[in-house]
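Engineer: Provided below: model_21.txt, containing compact mmCIF, C-alpha atoms (C1' of nucleotides).
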```txt
# COMPACT_ATOMS: atom_id res chain seq x y z
CA MET L 10 262.53 -57.05 345.62
CA GLY L 11 265.01 -54.71 347.33
CA ILE L 12 265.84 -51.14 346.53
CA ILE L 13 268.75 -51.96 344.23
CA ASP L 14 268.34 -54.57 341.51
CA MET L 15 271.57 -55.47 339.77
CA ARG L 16 269.66 -56.80 336.73
CA ASP L 17 268.10 -53.35 336.35
CA SER L 18 270.07 -51.35 333.79
CA ARG L 19 269.04 -48.03 335.32
CA PRO L 20 271.65 -46.22 337.43
CA ILE L 21 271.66 -46.92 341.16
CA PHE L 22 270.82 -43.35 342.17
CA GLU L 23 267.73 -43.52 339.96
CA GLN L 24 266.58 -46.80 341.49
CA ILE L 25 266.94 -45.31 344.97
CA SER L 26 265.10 -42.16 343.96
CA ASP L 27 262.30 -44.16 342.34
CA TRP L 28 261.97 -46.43 345.35
CA TYR L 29 261.39 -43.58 347.77
CA ARG L 30 259.25 -41.68 345.32
CA LYS L 31 256.83 -44.60 345.33
CA LEU L 32 256.97 -44.98 349.12
CA ILE L 33 256.08 -41.30 349.50
CA LEU L 34 253.28 -41.40 346.92
CA GLN L 35 251.86 -44.53 348.55
CA GLY L 36 251.84 -42.85 351.95
CA VAL L 37 254.24 -45.42 353.43
CA MET L 38 256.52 -42.48 354.17
CA GLU L 39 254.41 -39.82 355.85
CA PRO L 40 254.82 -36.06 355.51
CA ASP L 41 257.65 -34.62 357.64
CA GLU L 42 258.95 -38.11 358.37
CA LYS L 43 262.73 -38.27 358.43
CA MET L 44 264.56 -39.96 355.57
CA PRO L 45 267.52 -42.24 356.36
CA SER L 46 270.75 -40.27 356.63
CA VAL L 47 272.93 -40.24 353.54
CA ARG L 48 275.69 -42.20 355.23
CA ASN L 49 273.39 -44.72 356.92
CA LEU L 50 271.49 -45.57 353.74
CA ALA L 51 274.74 -45.86 351.80
CA MET L 52 276.02 -48.30 354.41
CA GLU L 53 272.77 -50.30 354.37
CA LEU L 54 272.74 -50.55 350.58
CA SER L 55 276.48 -51.23 350.33
CA THR L 56 276.85 -48.26 348.03
CA ASN L 57 278.53 -44.88 348.10
CA PRO L 58 277.31 -41.85 350.08
CA ASN L 59 277.72 -39.78 346.92
CA THR L 60 275.28 -42.05 345.10
CA VAL L 61 272.67 -41.72 347.84
CA GLN L 62 273.28 -37.98 347.92
CA ARG L 63 272.54 -37.82 344.21
CA ALA L 64 269.31 -39.76 344.71
CA TYR L 65 268.26 -37.33 347.45
CA ALA L 66 269.15 -34.34 345.28
CA ASP L 67 266.92 -35.83 342.59
CA LEU L 68 264.05 -36.31 345.06
CA GLU L 69 264.47 -32.77 346.36
CA GLN L 70 264.53 -31.32 342.86
CA LYS L 71 261.27 -33.13 342.08
CA GLY L 72 259.64 -31.84 345.25
CA PHE L 73 259.38 -35.10 347.20
CA ILE L 74 261.71 -34.24 350.09
CA TYR L 75 263.16 -31.14 351.73
CA THR L 76 266.42 -30.55 353.57
CA VAL L 77 267.17 -29.03 356.98
CA ARG L 78 270.86 -28.30 357.35
CA GLY L 79 272.48 -30.29 360.10
CA ARG L 80 269.30 -32.29 360.76
CA GLY L 81 268.52 -34.33 357.66
CA ASN L 82 266.09 -34.84 354.80
CA PHE L 83 262.34 -34.99 355.37
CA VAL L 84 259.30 -36.02 353.35
CA CYS L 85 257.11 -33.38 351.75
CA GLY L 86 253.33 -33.62 352.03
CA GLY L 87 251.22 -35.25 350.13
CA GLN L 88 248.11 -34.51 348.08
CA VAL L 89 249.70 -32.18 345.54
CA LEU L 90 252.32 -34.80 344.67
CA VAL L 91 249.70 -37.53 344.28
CA GLN L 92 247.68 -35.30 341.99
CA GLN L 93 250.74 -34.46 339.88
CA ARG L 94 251.68 -38.12 339.57
CA LYS L 95 248.12 -39.00 338.65
CA GLU L 96 248.13 -36.55 335.77
CA GLU L 97 251.51 -37.84 334.66
CA MET L 98 250.15 -41.39 334.67
CA ILE L 99 247.23 -40.32 332.52
CA ARG L 100 249.65 -38.79 330.01
CA GLU L 101 251.71 -41.99 329.98
CA ILE L 102 248.67 -44.17 329.37
CA ARG L 103 247.41 -41.80 326.71
CA ALA L 104 250.75 -42.03 324.87
CA ILE L 105 250.45 -45.82 324.76
CA LEU L 106 246.85 -45.65 323.60
CA ASP L 107 247.89 -43.14 320.91
CA GLU L 108 250.46 -45.58 319.60
CA GLY L 109 247.83 -48.30 319.62
CA VAL L 110 245.46 -46.13 317.57
CA SER L 111 248.22 -45.49 315.04
CA MET L 112 248.49 -49.27 314.70
CA GLY L 113 244.78 -49.58 314.04
CA LEU L 114 243.90 -50.87 317.51
CA ASP L 115 240.87 -49.80 319.51
CA PRO L 116 242.00 -47.79 322.57
CA ARG L 117 238.90 -48.76 324.57
CA ASP L 118 239.74 -52.38 323.91
CA LEU L 119 243.30 -51.84 325.18
CA ALA L 120 242.03 -50.06 328.29
CA ARG L 121 239.47 -52.75 328.97
CA GLU L 122 242.00 -55.56 328.67
CA ALA L 123 244.48 -53.71 330.89
CA LEU L 124 241.79 -53.24 333.53
CA SER L 125 240.67 -56.86 333.57
CA GLY L 126 242.09 -58.79 336.50
CA LEU L 127 243.39 -55.78 338.41
CA PRO L 128 243.02 -55.47 342.20
CA GLN L 129 240.66 -52.67 343.23
CA ALA L 130 241.65 -49.47 345.03
CA ASP L 131 241.73 -49.97 348.81
CA GLY L 132 240.84 -46.37 349.49
CA LYS L 133 243.57 -46.14 352.14
CA GLY L 134 244.95 -42.99 350.53
CA GLY L 135 241.58 -41.32 350.75
CA GLN L 136 241.86 -39.38 347.46
CA SER L 137 238.53 -37.59 347.22
CA MET U 27 259.83 -34.53 314.80
CA GLY U 28 262.69 -36.31 313.03
CA ILE U 29 264.21 -39.67 313.74
CA ILE U 30 266.92 -38.34 316.02
CA ASP U 31 266.05 -35.93 318.82
CA MET U 32 269.07 -34.41 320.53
CA ARG U 33 266.98 -33.57 323.62
CA ASP U 34 266.15 -37.27 323.97
CA SER U 35 268.50 -38.89 326.47
CA ARG U 36 268.16 -42.31 324.86
CA PRO U 37 271.04 -43.50 322.68
CA ILE U 38 270.85 -42.74 318.96
CA PHE U 39 270.75 -46.40 317.88
CA GLU U 40 267.72 -46.90 320.12
CA GLN U 41 265.91 -43.89 318.68
CA ILE U 42 266.50 -45.20 315.16
CA SER U 43 265.33 -48.68 316.12
CA ASP U 44 262.22 -47.30 317.81
CA TRP U 45 261.39 -45.09 314.85
CA TYR U 46 261.34 -47.93 312.37
CA ARG U 47 259.66 -50.28 314.82
CA LYS U 48 256.73 -47.90 314.91
CA LEU U 49 256.71 -47.41 311.11
CA ILE U 50 256.57 -51.19 310.67
CA LEU U 51 253.85 -51.71 313.27
CA GLN U 52 251.81 -48.88 311.74
CA GLY U 53 252.06 -50.46 308.30
CA VAL U 54 253.87 -47.44 306.86
CA MET U 55 256.68 -49.84 306.01
CA GLU U 56 255.11 -52.84 304.28
CA PRO U 57 256.27 -56.46 304.53
CA ASP U 58 259.30 -57.25 302.33
CA GLU U 59 259.86 -53.55 301.67
CA LYS U 60 263.54 -52.64 301.57
CA MET U 61 265.04 -50.69 304.45
CA PRO U 62 267.48 -47.85 303.68
CA SER U 63 271.03 -49.12 303.34
CA VAL U 64 273.22 -48.77 306.40
CA ARG U 65 275.51 -46.26 304.70
CA ASN U 66 272.71 -44.23 303.10
CA LEU U 67 270.76 -43.85 306.33
CA ALA U 68 273.90 -42.94 308.24
CA MET U 69 274.60 -40.23 305.66
CA GLU U 70 271.04 -38.95 305.80
CA LEU U 71 271.00 -38.79 309.61
CA SER U 72 274.54 -37.36 309.81
CA THR U 73 275.54 -40.23 312.04
CA ASN U 74 277.87 -43.21 311.90
CA PRO U 75 277.26 -46.37 309.86
CA ASN U 76 278.12 -48.41 312.95
CA THR U 77 275.31 -46.71 314.86
CA VAL U 78 272.77 -47.51 312.14
CA GLN U 79 274.11 -51.05 311.97
CA ARG U 80 273.48 -51.42 315.67
CA ALA U 81 269.92 -50.17 315.26
CA TYR U 82 269.33 -52.70 312.49
CA ALA U 83 270.82 -55.50 314.58
CA ASP U 84 268.37 -54.54 317.31
CA LEU U 85 265.43 -54.59 314.90
CA GLU U 86 266.51 -57.94 313.50
CA GLN U 87 266.92 -59.44 316.98
CA LYS U 88 263.39 -58.32 317.83
CA GLY U 89 261.98 -59.83 314.64
CA PHE U 90 261.06 -56.64 312.77
CA ILE U 91 263.47 -56.97 309.83
CA TYR U 92 265.47 -59.70 308.12
CA THR U 93 268.75 -59.58 306.23
CA VAL U 94 269.73 -60.85 302.79
CA ARG U 95 273.49 -60.86 302.37
CA GLY U 96 274.67 -58.53 299.69
CA ARG U 97 271.16 -57.15 299.05
CA GLY U 98 270.01 -55.37 302.19
CA ASN U 99 267.57 -55.41 305.09
CA PHE U 100 263.85 -56.01 304.57
CA VAL U 101 260.69 -55.64 306.65
CA CYS U 102 259.09 -58.69 308.23
CA GLY U 103 255.33 -59.19 308.05
CA GLY U 104 252.96 -58.08 310.10
CA GLN U 105 250.10 -59.45 312.20
CA VAL U 106 252.16 -61.45 314.68
CA LEU U 107 254.25 -58.38 315.53
CA VAL U 108 251.15 -56.22 316.00
CA GLN U 109 249.65 -58.80 318.33
CA GLN U 110 252.86 -59.04 320.35
CA ARG U 111 253.08 -55.27 320.68
CA LYS U 112 249.43 -55.09 321.69
CA GLU U 113 250.01 -57.51 324.56
CA GLU U 114 253.11 -55.58 325.59
CA MET U 115 251.09 -52.36 325.64
CA ILE U 116 248.48 -53.98 327.88
CA ARG U 117 251.21 -55.01 330.30
CA GLU U 118 252.64 -51.47 330.29
CA ILE U 119 249.26 -49.92 331.00
CA ARG U 120 248.56 -52.48 333.68
CA ALA U 121 251.85 -51.61 335.43
CA ILE U 122 250.83 -47.94 335.57
CA LEU U 123 247.37 -48.79 336.82
CA ASP U 124 248.93 -51.03 339.48
CA GLU U 125 251.03 -48.14 340.72
CA GLY U 126 247.92 -45.98 340.77
CA VAL U 127 246.07 -48.55 342.88
CA SER U 128 248.97 -48.63 345.35
CA MET U 129 248.51 -44.87 345.68
CA GLY U 130 244.83 -45.27 346.45
CA LEU U 131 243.61 -44.20 342.99
CA ASP U 132 240.80 -45.86 341.08
CA PRO U 133 242.21 -47.61 337.99
CA ARG U 134 238.93 -47.28 336.09
CA ASP U 135 239.08 -43.55 336.73
CA LEU U 136 242.63 -43.41 335.35
CA ALA U 137 241.64 -45.40 332.28
CA ARG U 138 238.58 -43.26 331.68
CA GLU U 139 240.55 -40.02 331.91
CA ALA U 140 243.26 -41.36 329.61
CA LEU U 141 240.63 -42.35 327.06
CA SER U 142 238.84 -39.02 327.06
CA GLY U 143 239.76 -36.84 324.12
CA LEU U 144 241.56 -39.55 322.16
CA PRO U 145 241.14 -39.92 318.39
CA GLN U 146 239.38 -43.12 317.39
CA ALA U 147 240.94 -46.05 315.52
CA ASP U 148 240.82 -45.46 311.77
CA GLY U 149 240.64 -49.16 311.01
CA LYS U 150 243.31 -48.76 308.29
CA GLY U 151 245.32 -51.58 309.78
CA GLY U 152 242.35 -53.88 309.58
CA GLN U 153 243.05 -55.78 312.83
CA SER U 154 240.14 -58.19 313.09
C1' DC V 16 284.88 -60.90 284.86
C1' DC V 17 284.64 -56.23 286.96
C1' DC V 18 282.58 -52.75 289.49
C1' DT V 19 279.34 -51.05 292.66
C1' DG V 20 276.36 -51.51 296.50
C1' DT V 21 275.19 -54.27 300.15
C1' DG V 22 275.89 -56.30 305.14
C1' DT V 23 279.35 -57.48 308.49
C1' DA V 24 283.51 -57.50 311.38
C1' DT V 25 287.41 -55.45 313.59
C1' DT V 26 290.32 -52.16 316.10
C1' DA V 27 291.11 -47.82 318.07
C1' DT V 28 289.79 -43.40 319.99
C1' DT V 29 286.85 -40.12 322.05
C1' DT V 30 283.17 -38.72 324.96
C1' DA V 31 279.81 -38.87 328.57
C1' DT V 32 277.81 -40.95 332.59
C1' DC V 33 277.91 -43.59 336.65
C1' DT V 34 280.25 -45.04 340.64
C1' DT V 35 283.59 -45.17 344.09
C1' DA V 36 286.99 -43.02 347.16
C1' DG V 37 288.78 -39.68 350.09
C1' DT V 38 288.75 -35.26 352.19
C1' DA V 39 286.86 -31.14 354.00
C1' DC V 40 283.52 -27.73 355.86
C1' DA V 41 279.26 -25.83 358.10
C1' DC V 42 275.37 -26.66 360.83
C1' DT V 43 272.40 -28.97 364.71
C1' DT V 44 271.72 -31.42 368.74
C1' DA V 45 272.73 -33.95 372.96
C1' DT I 17 282.71 -30.64 373.00
C1' DA I 18 281.46 -34.59 370.30
C1' DA I 19 278.68 -36.95 367.14
C1' DG I 20 275.61 -36.82 363.42
C1' DT I 21 273.82 -34.28 359.65
C1' DG I 22 274.00 -32.25 354.61
C1' DT I 23 277.08 -30.45 351.21
C1' DA I 24 281.13 -29.54 348.20
C1' DC I 25 285.19 -30.79 345.88
C1' DT I 26 288.77 -33.46 343.43
C1' DA I 27 290.41 -37.71 341.63
C1' DA I 28 290.15 -42.16 339.70
C1' DG I 29 288.04 -46.25 337.59
C1' DA I 30 284.41 -48.58 334.88
C1' DT I 31 281.12 -48.83 331.38
C1' DA I 32 278.44 -47.59 327.35
C1' DA I 33 277.78 -44.88 323.30
C1' DA I 34 279.47 -42.88 319.27
C1' DT I 35 282.84 -41.92 315.85
C1' DA I 36 286.55 -43.18 312.64
C1' DA I 37 288.97 -46.03 309.54
C1' DT I 38 289.72 -50.27 307.43
C1' DA I 39 288.78 -54.75 305.58
C1' DC I 40 286.17 -58.78 303.87
C1' DA I 41 282.34 -61.48 301.57
C1' DC I 42 278.25 -61.63 298.78
C1' DA I 43 274.77 -60.11 295.02
C1' DG I 44 273.61 -57.90 290.84
C1' DG I 45 274.31 -55.23 286.52
C1' DG I 46 277.32 -54.09 282.87
```
As a first step, turn the structure in this file into structure tokens.

Structural biologist:
Amino acid sequence: MGIIDMRDSRPIFEQISDWYRKLILQGVMEPDEKMPSVRNLAMELSTNPNTVQRAYADLEQKGFIYTVRGRGNFVCGGQVLVQQRKEEMIREIRAILDEGVSMGLDPRDLAREALSGLPQADGKGGQS
Amino acid sequence: MGIIDMRDSRPIFEQISDWYRKLILQGVMEPDEKMPSVRNLAMELSTNPNTVQRAYADLEQKGFIYTVRGRGNFVCGGQVLVQQRKEEMIREIRAILDEGVSMGLDPRDLAREALSGLPQADGKGGQS
DNA sequence: CCCTGTGTATTATTTATCTTAGTACACTTA
DNA sequence: TAAGTGTACTAAGATAAATAATACACAGGG
């Protein structure tokens, strides 16, 4: 699946932002690595520079990239963002489990079924 | 929190649909119980009858309510919907855990932290 | 039958968001 | 100097959401 999915109802800038957010959190984009230029990425995705610019503004506002005038956008480092996202994930899962409880379901049962058949962590990220 | 939250970026019809979806899944609205009339609910929520109508159309399309011409909308029963929602929840949790794994996190750790401090199922729904 | 309440359909208008387009300016580096 | 970079601005088009007003068909109570 590419960066932009036409069947996805979310706005393009959000799909771009989400794509790179995941790349950064996964360590595929390393700290201080240069992001594609606004114009280049717009060309590559057959979209508008303004749309890419908005995606980058979103990433910057959320602390995933930083800007150097005249040079480009670069990836922020690393562990703090992973930790923040981890806590956000826990809140998201907890919200689902809460809803399950309100329906009379057993949250441990939900968690157990969600865990079954998952690949294990590869430890590449080295989160200690 | 009321049905409509102005700080919520989701459309009003979706908030209404979601609200009643949860009431039905929680058993607060019982099978064959009458839904508020389109005009009454619109009045109560200070919104447009068309918006409520759209929410009801959404609920009907998803199988949560049924319509009797000239009489009103009524709640569908019960266990099949709960089971469907349960499986959907498991898929949602699994997607989050997958993302965590791609970041090098341990999914069992995420699940355990999400479970900690949750209220237990009250068994009111009686899901066997 | 008549009246009221119900869902449903239609058209139009307004509003907000997203996207594209084009232009311009300041900064950095080769 | 020239090319590449981010950034700002205005304008226009497209789409979705919400409101407004009207109309029609059906069910039930009197």

Engineer: Do you have, as a Markdown table, the list of residues of chain I lying at most 9 Å from range 79-99 of chain L, each with its nearest atom pair and that distance in Å to one decimal, counting all atoms listed in the file and ordered by chain then number?

Structural biologist:
```
| residue | atom | partner | partner_atom | distance |
| --- | --- | --- | --- | --- |
| I:DG20 | C1' | L:Gly79 | CA | 8.0 |
| I:DT21 | C1' | L:Gly79 | CA | 4.2 |
| I:DG22 | C1' | L:Gly79 | CA | 6.0 |
```

Engineer: Report as CSV: every residue of chain I with an atom at most 9 Å from chain U, its closest pair of atoms, and their distance in Å to one decimal, counting only C-alpha atoms (C1' of nucleotides), with rows sorted by chain and ascending residue number.

Structural biologist:
```
residue,atom,partner,partner_atom,distance
I:DA33,C1',U:Pro37,CA,6.9
I:DA34,C1',U:Thr77,CA,7.2
I:DT35,C1',U:Asn74,CA,6.5
I:DA36,C1',U:Asn74,CA,8.7
I:DA41,C1',U:Gly96,CA,8.4
I:DC42,C1',U:Gly96,CA,4.8
I:DA43,C1',U:Gly96,CA,4.9
I:DG44,C1',U:Arg97,CA,8.6
```

Engineer: Take the residues that were just selected and, keeping C-alpha atoms (C1' of nucleotides), output them as a CSV table (one decimal), keeping the file's coordinate frame.

Structural biologist:
```csv
chain,number,residue,atom,x,y,z
I,33,DA,C1',277.8,-44.9,323.3
I,34,DA,C1',279.5,-42.9,319.3
I,35,DT,C1',282.8,-41.9,315.8
I,36,DA,C1',286.6,-43.2,312.6
I,41,DA,C1',282.3,-61.5,301.6
I,42,DC,C1',278.2,-61.6,298.8
I,43,DA,C1',274.8,-60.1,295.0
I,44,DG,C1',273.6,-57.9,290.8
```

Engineer: Contacts from chain V to chain L, 12 Å maximum, only C-alpha atoms (C1' of nucleotides): show me the residue list as JSON, numbers by chain.

Structural biologist: {"V": [32, 33, 34, 35, 36, 37, 41, 42, 43, 44]}

Engineer: Can I get the residues of chain U within 10 Å of chain L, each with the closest pair of atoms and their distance in Å to one decimal, using only C-alpha atoms, sorted chain first then ascending number, as a tab-separated table?

Structural biologist:
```
residue	atom	partner	partner_atom	distance
U:Lys48	CA	L:Glu108	CA	8.2
U:Leu49	CA	L:Met112	CA	9.2
U:Ile50	CA	L:Met112	CA	9.2
U:Leu51	CA	L:Met112	CA	6.1
U:Gln52	CA	L:Met112	CA	4.5
U:Gly53	CA	L:Met112	CA	7.4
U:Val54	CA	L:Met112	CA	9.7
U:Val108	CA	L:Met112	CA	7.6
U:Gln109	CA	L:Leu114	CA	9.8
U:Arg111	CA	L:Gly109	CA	8.8
U:Lys112	CA	L:Gly109	CA	7.3
U:Glu113	CA	L:Leu119	CA	8.8
U:Met115	CA	L:Ile105	CA	6.6
U:Ile116	CA	L:Ala123	CA	5.0
U:Arg117	CA	L:Ala123	CA	6.9
U:Glu118	CA	L:Ile105	CA	8.2
U:Ile119	CA	L:Ile102	CA	6.0
U:Arg120	CA	L:Ala123	CA	5.1
U:Ala121	CA	L:Ala123	CA	8.9
U:Ile122	CA	L:Met98	CA	6.6
U:Leu123	CA	L:Leu124	CA	7.9
U:Asp124	CA	L:Leu127	CA	7.4
U:Glu125	CA	L:Lys31	CA	8.2
U:Gly126	CA	L:Lys95	CA	7.3
U:Val127	CA	L:Ala130	CA	5.0
U:Ser128	CA	L:Gln35	CA	5.9
U:Met129	CA	L:Gln35	CA	4.4
U:Gly130	CA	L:Gly134	CA	4.7
U:Leu131	CA	L:Ala130	CA	6.0
U:Asp132	CA	L:Ala130	CA	5.4
U:Pro133	CA	L:Leu124	CA	7.2
U:Arg134	CA	L:Leu124	CA	7.1
U:Asp135	CA	L:Ile99	CA	9.7
U:Leu136	CA	L:Ile99	CA	6.2
U:Ala137	CA	L:Ala120	CA	6.1
U:Arg138	CA	L:Ala120	CA	8.3
U:Glu139	CA	L:Ile99	CA	6.7
U:Ala140	CA	L:Ile99	CA	5.0
U:Leu141	CA	L:Arg103	CA	6.8
U:Ser142	CA	L:Arg103	CA	9.0
U:Gly143	CA	L:Arg103	CA	9.5
U:Leu144	CA	L:Asp107	CA	7.4
U:Pro145	CA	L:Val110	CA	7.6
U:Gln146	CA	L:Val110	CA	6.8
U:Ala147	CA	L:Val110	CA	5.0
U:Asp148	CA	L:Gly113	CA	6.1
U:Gly149	CA	L:Gly113	CA	5.1
U:Lys150	CA	L:Gly113	CA	6.0
U:Gly151	CA	L:Gly113	CA	4.7
U:Gly152	CA	L:Gly113	CA	6.7
U:Gln153	CA	L:Gly113	CA	6.5
U:Ser154	CA	L:Leu114	CA	9.3
```

Engineer: Keeping only C-alpha atoms, write those residues as a tab-separated table (two decimals), in the coordinates of the input.

Structural biologist:
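Output (again-v7.tsv):
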```
chain	number	residue	atom	x	y	z
U	48	LYS	CA	256.73	-47.90	314.91
U	49	LEU	CA	256.71	-47.41	311.11
U	50	ILE	CA	256.57	-51.19	310.67
U	51	LEU	CA	253.85	-51.71	313.27
U	52	GLN	CA	251.81	-48.88	311.74
U	53	GLY	CA	252.06	-50.46	308.30
U	54	VAL	CA	253.87	-47.44	306.86
U	108	VAL	CA	251.15	-56.22	316.00
U	109	GLN	CA	249.65	-58.80	318.33
U	111	ARG	CA	253.08	-55.27	320.68
U	112	LYS	CA	249.43	-55.09	321.69
U	113	GLU	CA	250.01	-57.51	324.56
U	115	MET	CA	251.09	-52.36	325.64
U	116	ILE	CA	248.48	-53.98	327.88
U	117	ARG	CA	251.21	-55.01	330.30
U	118	GLU	CA	252.64	-51.47	330.29
U	119	ILE	CA	249.26	-49.92	331.00
U	120	ARG	CA	248.56	-52.48	333.68
U	121	ALA	CA	251.85	-51.61	335.43
U	122	ILE	CA	250.83	-47.94	335.57
U	123	LEU	CA	247.37	-48.79	336.82
U	124	ASP	CA	248.93	-51.03	339.48
U	125	GLU	CA	251.03	-48.14	340.72
U	126	GLY	CA	247.92	-45.98	340.77
U	127	VAL	CA	246.07	-48.55	342.88
U	128	SER	CA	248.97	-48.63	345.35
U	129	MET	CA	248.51	-44.87	345.68
U	130	GLY	CA	244.83	-45.27	346.45
U	131	LEU	CA	243.61	-44.20	342.99
U	132	ASP	CA	240.80	-45.86	341.08
U	133	PRO	CA	242.21	-47.61	337.99
U	134	ARG	CA	238.93	-47.28	336.09
U	135	ASP	CA	239.08	-43.55	336.73
U	136	LEU	CA	242.63	-43.41	335.35
U	137	ALA	CA	241.64	-45.40	332.28
U	138	ARG	CA	238.58	-43.26	331.68
U	139	GLU	CA	240.55	-40.02	331.91
U	140	ALA	CA	243.26	-41.36	329.61
U	141	LEU	CA	240.63	-42.35	327.06
U	142	SER	CA	238.84	-39.02	327.06
U	143	GLY	CA	239.76	-36.84	324.12
U	144	LEU	CA	241.56	-39.55	322.16
U	145	PRO	CA	241.14	-39.92	318.39
U	146	GLN	CA	239.38	-43.12	317.39
U	147	ALA	CA	240.94	-46.05	315.52
U	148	ASP	CA	240.82	-45.46	311.77
U	149	GLY	CA	240.64	-49.16	311.01
U	150	LYS	CA	243.31	-48.76	308.29
U	151	GLY	CA	245.32	-51.58	309.78
U	152	GLY	CA	242.35	-53.88	309.58
U	153	GLN	CA	243.05	-55.78	312.83
U	154	SER	CA	240.14	-58.19	313.09
```

Engineer: So which one's closest to Gly28 in chain U, U:Met55, U:Ile91, U:Ala83, U:Leu71? Using only C-alpha atoms, please.

Structural biologist: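 So, comparing all the options, the nearest one is U:Leu71.
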
Engineer: Just give me the gap between C1' of DA28 in chain I and CA of Ser46 in chain L in Å, one decimal is fine.

Structural biologist: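 Going from C1' of DA28 in chain I over to CA of Ser46 in chain L, I get 25.8 Å.
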
Engineer: One decimal, Å: what's the distance from CA of Ala51 in chain L over to CA of Ser26 in chain L, could you say?

Structural biologist: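 These atoms are spaced 13.0 Å apart.
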
Engineer: Between C1' of DC40 in chain V and C1' of DC25 in chain I, measure the distance and give it in Å to one decimal.

Structural biologist: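 Pair C1' of DC40 in chain V / C1' of DC25 in chain I returns 10.6 Å.
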